[in-house]
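J.: Okay, here's the structure, questions in a sec.
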Amino acid sequence: MNTEQFENIGDNCEFGFVQRVHGNESGGLLRWVRSSPEALIQALRNRFEGLYAFENLSPSWDNMVSDSRYGLFFHTEMFSKDLKWVESEEKRREIYKSEKEKIDYLVEKFFRRLADPSVIVVFKQNEAIAPEQAEDLAQAVALYGPARLLIMRETQDKTLMGHVRQEGSYLAGYLDYLAPYSQSDQFSPLWESVLGEALVAPRVTP
């Protein structure tokens, strides 16, 4: 399956691994980022203004930083240990310059993707996202164009597993399970069925 029409927006890298299995290694702003619906909604409404500013970054894991501007978590080469920086500020600023340039490029690429009606942005969260919050996220995505939002949900209803249905202004895809956060590459094989249905789902006019 060609997954290039899909764009991962979180809440972690599970869908990034789904894309990798299908040979898609294209870079995306949020492909490997840890996020939340609240963070995404705020960031989208503010067009990611101030994203990844040096003064807002702090260690969150050995190879990840937290951006306090929006509460997003990024992989980085500004390494830390026990929540303390390993390198000097001078060295970190050198690394940061390259990372910031990449982030800025990916932000612009992301908005171009949202302006493409063939693109479907994908969000999953192991704790079910409330319909009202999913709707808010869909509206935030819609600020930038006709790309559609696909919310992934876990279900025990066998009639829903592997299928997609329209819920409000977004699509909902149903899986038998979502990968545990500690093993996000151990994803359900039903992802493929859901993505296939999403690609042919009719567009609903508000």
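Each chain of the structure tokens is named A, B, ... in the order shown, its residues numbered from 1; ligands are numbered from 1 in display order.
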Could you give me, as a Markdown table, a per-residue list for segment 74-152 of chain A showing, wherever an atom lies at most 9 Å from an atom of segment 60-70 of chain A, the closest pair of atoms and their distance in Å to one decimal, using only C-alpha atoms and sorting by chain then residue number from low to high?
T.:
```
| residue | atom | partner | partner_atom | distance |
| --- | --- | --- | --- | --- |
| A:Phe74 | CA | A:Met64 | CA | 5.4 |
| A:His75 | CA | A:Met64 | CA | 4.3 |
| A:Thr76 | CA | A:Met64 | CA | 5.3 |
| A:Glu77 | CA | A:Asn63 | CA | 6.3 |
| A:Met78 | CA | A:Asn63 | CA | 6.9 |
| A:Phe79 | CA | A:Asn63 | CA | 5.1 |
| A:Ser80 | CA | A:Asp62 | CA | 4.6 |
| A:Lys81 | CA | A:Asp62 | CA | 5.4 |
| A:Asp82 | CA | A:Asp62 | CA | 7.4 |
| A:Leu83 | CA | A:Ser60 | CA | 6.2 |
| A:Lys84 | CA | A:Asp62 | CA | 8.7 |
| A:Trp85 | CA | A:Asp62 | CA | 8.8 |
```
J.: From a DSSP calculation on the backbone, collect every residue of chain A in helix (DSSP H, G or I) and output the set as a VMD selection string.
T.: chain A and resid 14 to 21 37 to 45 54 to 56 89 to 114 131 to 142 181 to 183 191 to 200
J.: If we count only C-alpha atoms and set the cut-off at 10 Å, which residues sit around Ser36 of chain A, ignoring sequence neighbours fewer than 2 positions away in its own chain? Please answer as a ChimeraX atom specification.
T.: /A:9-12,33-34,38-41,70-73,123-125,129
J.: What is the atom CA of Tyr174 of chain A-atom CA of Asp136 of chain A distance in Å, reported with one decimal?
T.: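 Between atom CA of Tyr174 of chain A and atom CA of Asp136 of chain A the gap is 19.6 Å.
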J.: Nearest to Pro202 of chain A: which of A:Gln166, A:Ser88, A:Ser182, A:Gln19 is it, counting only C-alpha atoms?
T.: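 Result for the nearest residue to Pro202 of chain A: A:Gln166.
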J.: Can you tell me which residues surround Lys109 of chain A at a distance of at most 12 Å, considering only C-alpha atoms, apart from same-chain residues fewer than 6 positions away, and format the answer as a ChimeraX atom specification?
T.: /A:7,26-30,102-103,115-116
J.: With N, CA, C and O atoms retained, write the just-selected residues as a short mmCIF file (atom, residue, chain, number, x, y, z; two decimals), in the first residue's frame.
T.:
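Everything below was put into result_6.cif:
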```
data_model
loop_
_atom_site.label_atom_id
_atom_site.label_comp_id
_atom_site.auth_asym_id
_atom_site.auth_seq_id
_atom_site.Cartn_x
_atom_site.Cartn_y
_atom_site.Cartn_z
N GLU A 7 -0.56 11.69 6.52
CA GLU A 7 0.36 12.50 7.31
C GLU A 7 0.10 12.24 8.78
O GLU A 7 -1.01 12.45 9.28
N SER A 26 9.34 9.30 4.04
CA SER A 26 9.28 10.75 3.86
C SER A 26 9.22 11.46 5.21
O SER A 26 8.58 10.99 6.15
N GLY A 27 9.89 12.59 5.27
CA GLY A 27 9.91 13.35 6.52
C GLY A 27 8.61 14.08 6.74
O GLY A 27 7.97 14.55 5.80
N GLY A 28 8.21 14.16 8.00
CA GLY A 28 7.00 14.88 8.35
C GLY A 28 7.21 15.60 9.67
O GLY A 28 7.90 15.09 10.56
N LEU A 29 6.60 16.75 9.82
CA LEU A 29 6.79 17.56 11.02
C LEU A 29 6.48 16.78 12.29
O LEU A 29 7.21 16.87 13.28
N LEU A 30 5.40 16.00 12.28
CA LEU A 30 4.93 15.33 13.50
C LEU A 30 5.04 13.81 13.42
O LEU A 30 4.50 13.12 14.28
N LYS A 102 15.57 22.43 9.95
CA LYS A 102 14.76 21.30 9.49
C LYS A 102 13.31 21.45 9.94
O LYS A 102 12.37 21.22 9.16
N ILE A 103 13.12 21.86 11.20
CA ILE A 103 11.76 22.07 11.72
C ILE A 103 11.02 23.12 10.89
O ILE A 103 9.86 22.94 10.50
N ALA A 115 -3.13 21.72 2.56
CA ALA A 115 -3.83 22.37 1.46
C ALA A 115 -4.15 21.41 0.31
O ALA A 115 -4.80 21.80 -0.66
N ASP A 116 -3.72 20.18 0.42
CA ASP A 116 -3.92 19.16 -0.61
C ASP A 116 -5.15 18.32 -0.27
O ASP A 116 -5.18 17.64 0.76
#
```
J.: Which residue is closest to Trp191 of chain A? Choose from A:Glu132, A:Glu87, A:Glu154, A:Glu167 and count only C-alpha atoms.
T.: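 Closest candidate: A:Glu154.
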J.: Could you check which of A:Ala172, A:Leu195, A:Val141, A:Val18 is closest to Phe110 of chain A, using only C-alpha atoms?
T.: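 Under the stated criterion, the closest residue is A:Val141.
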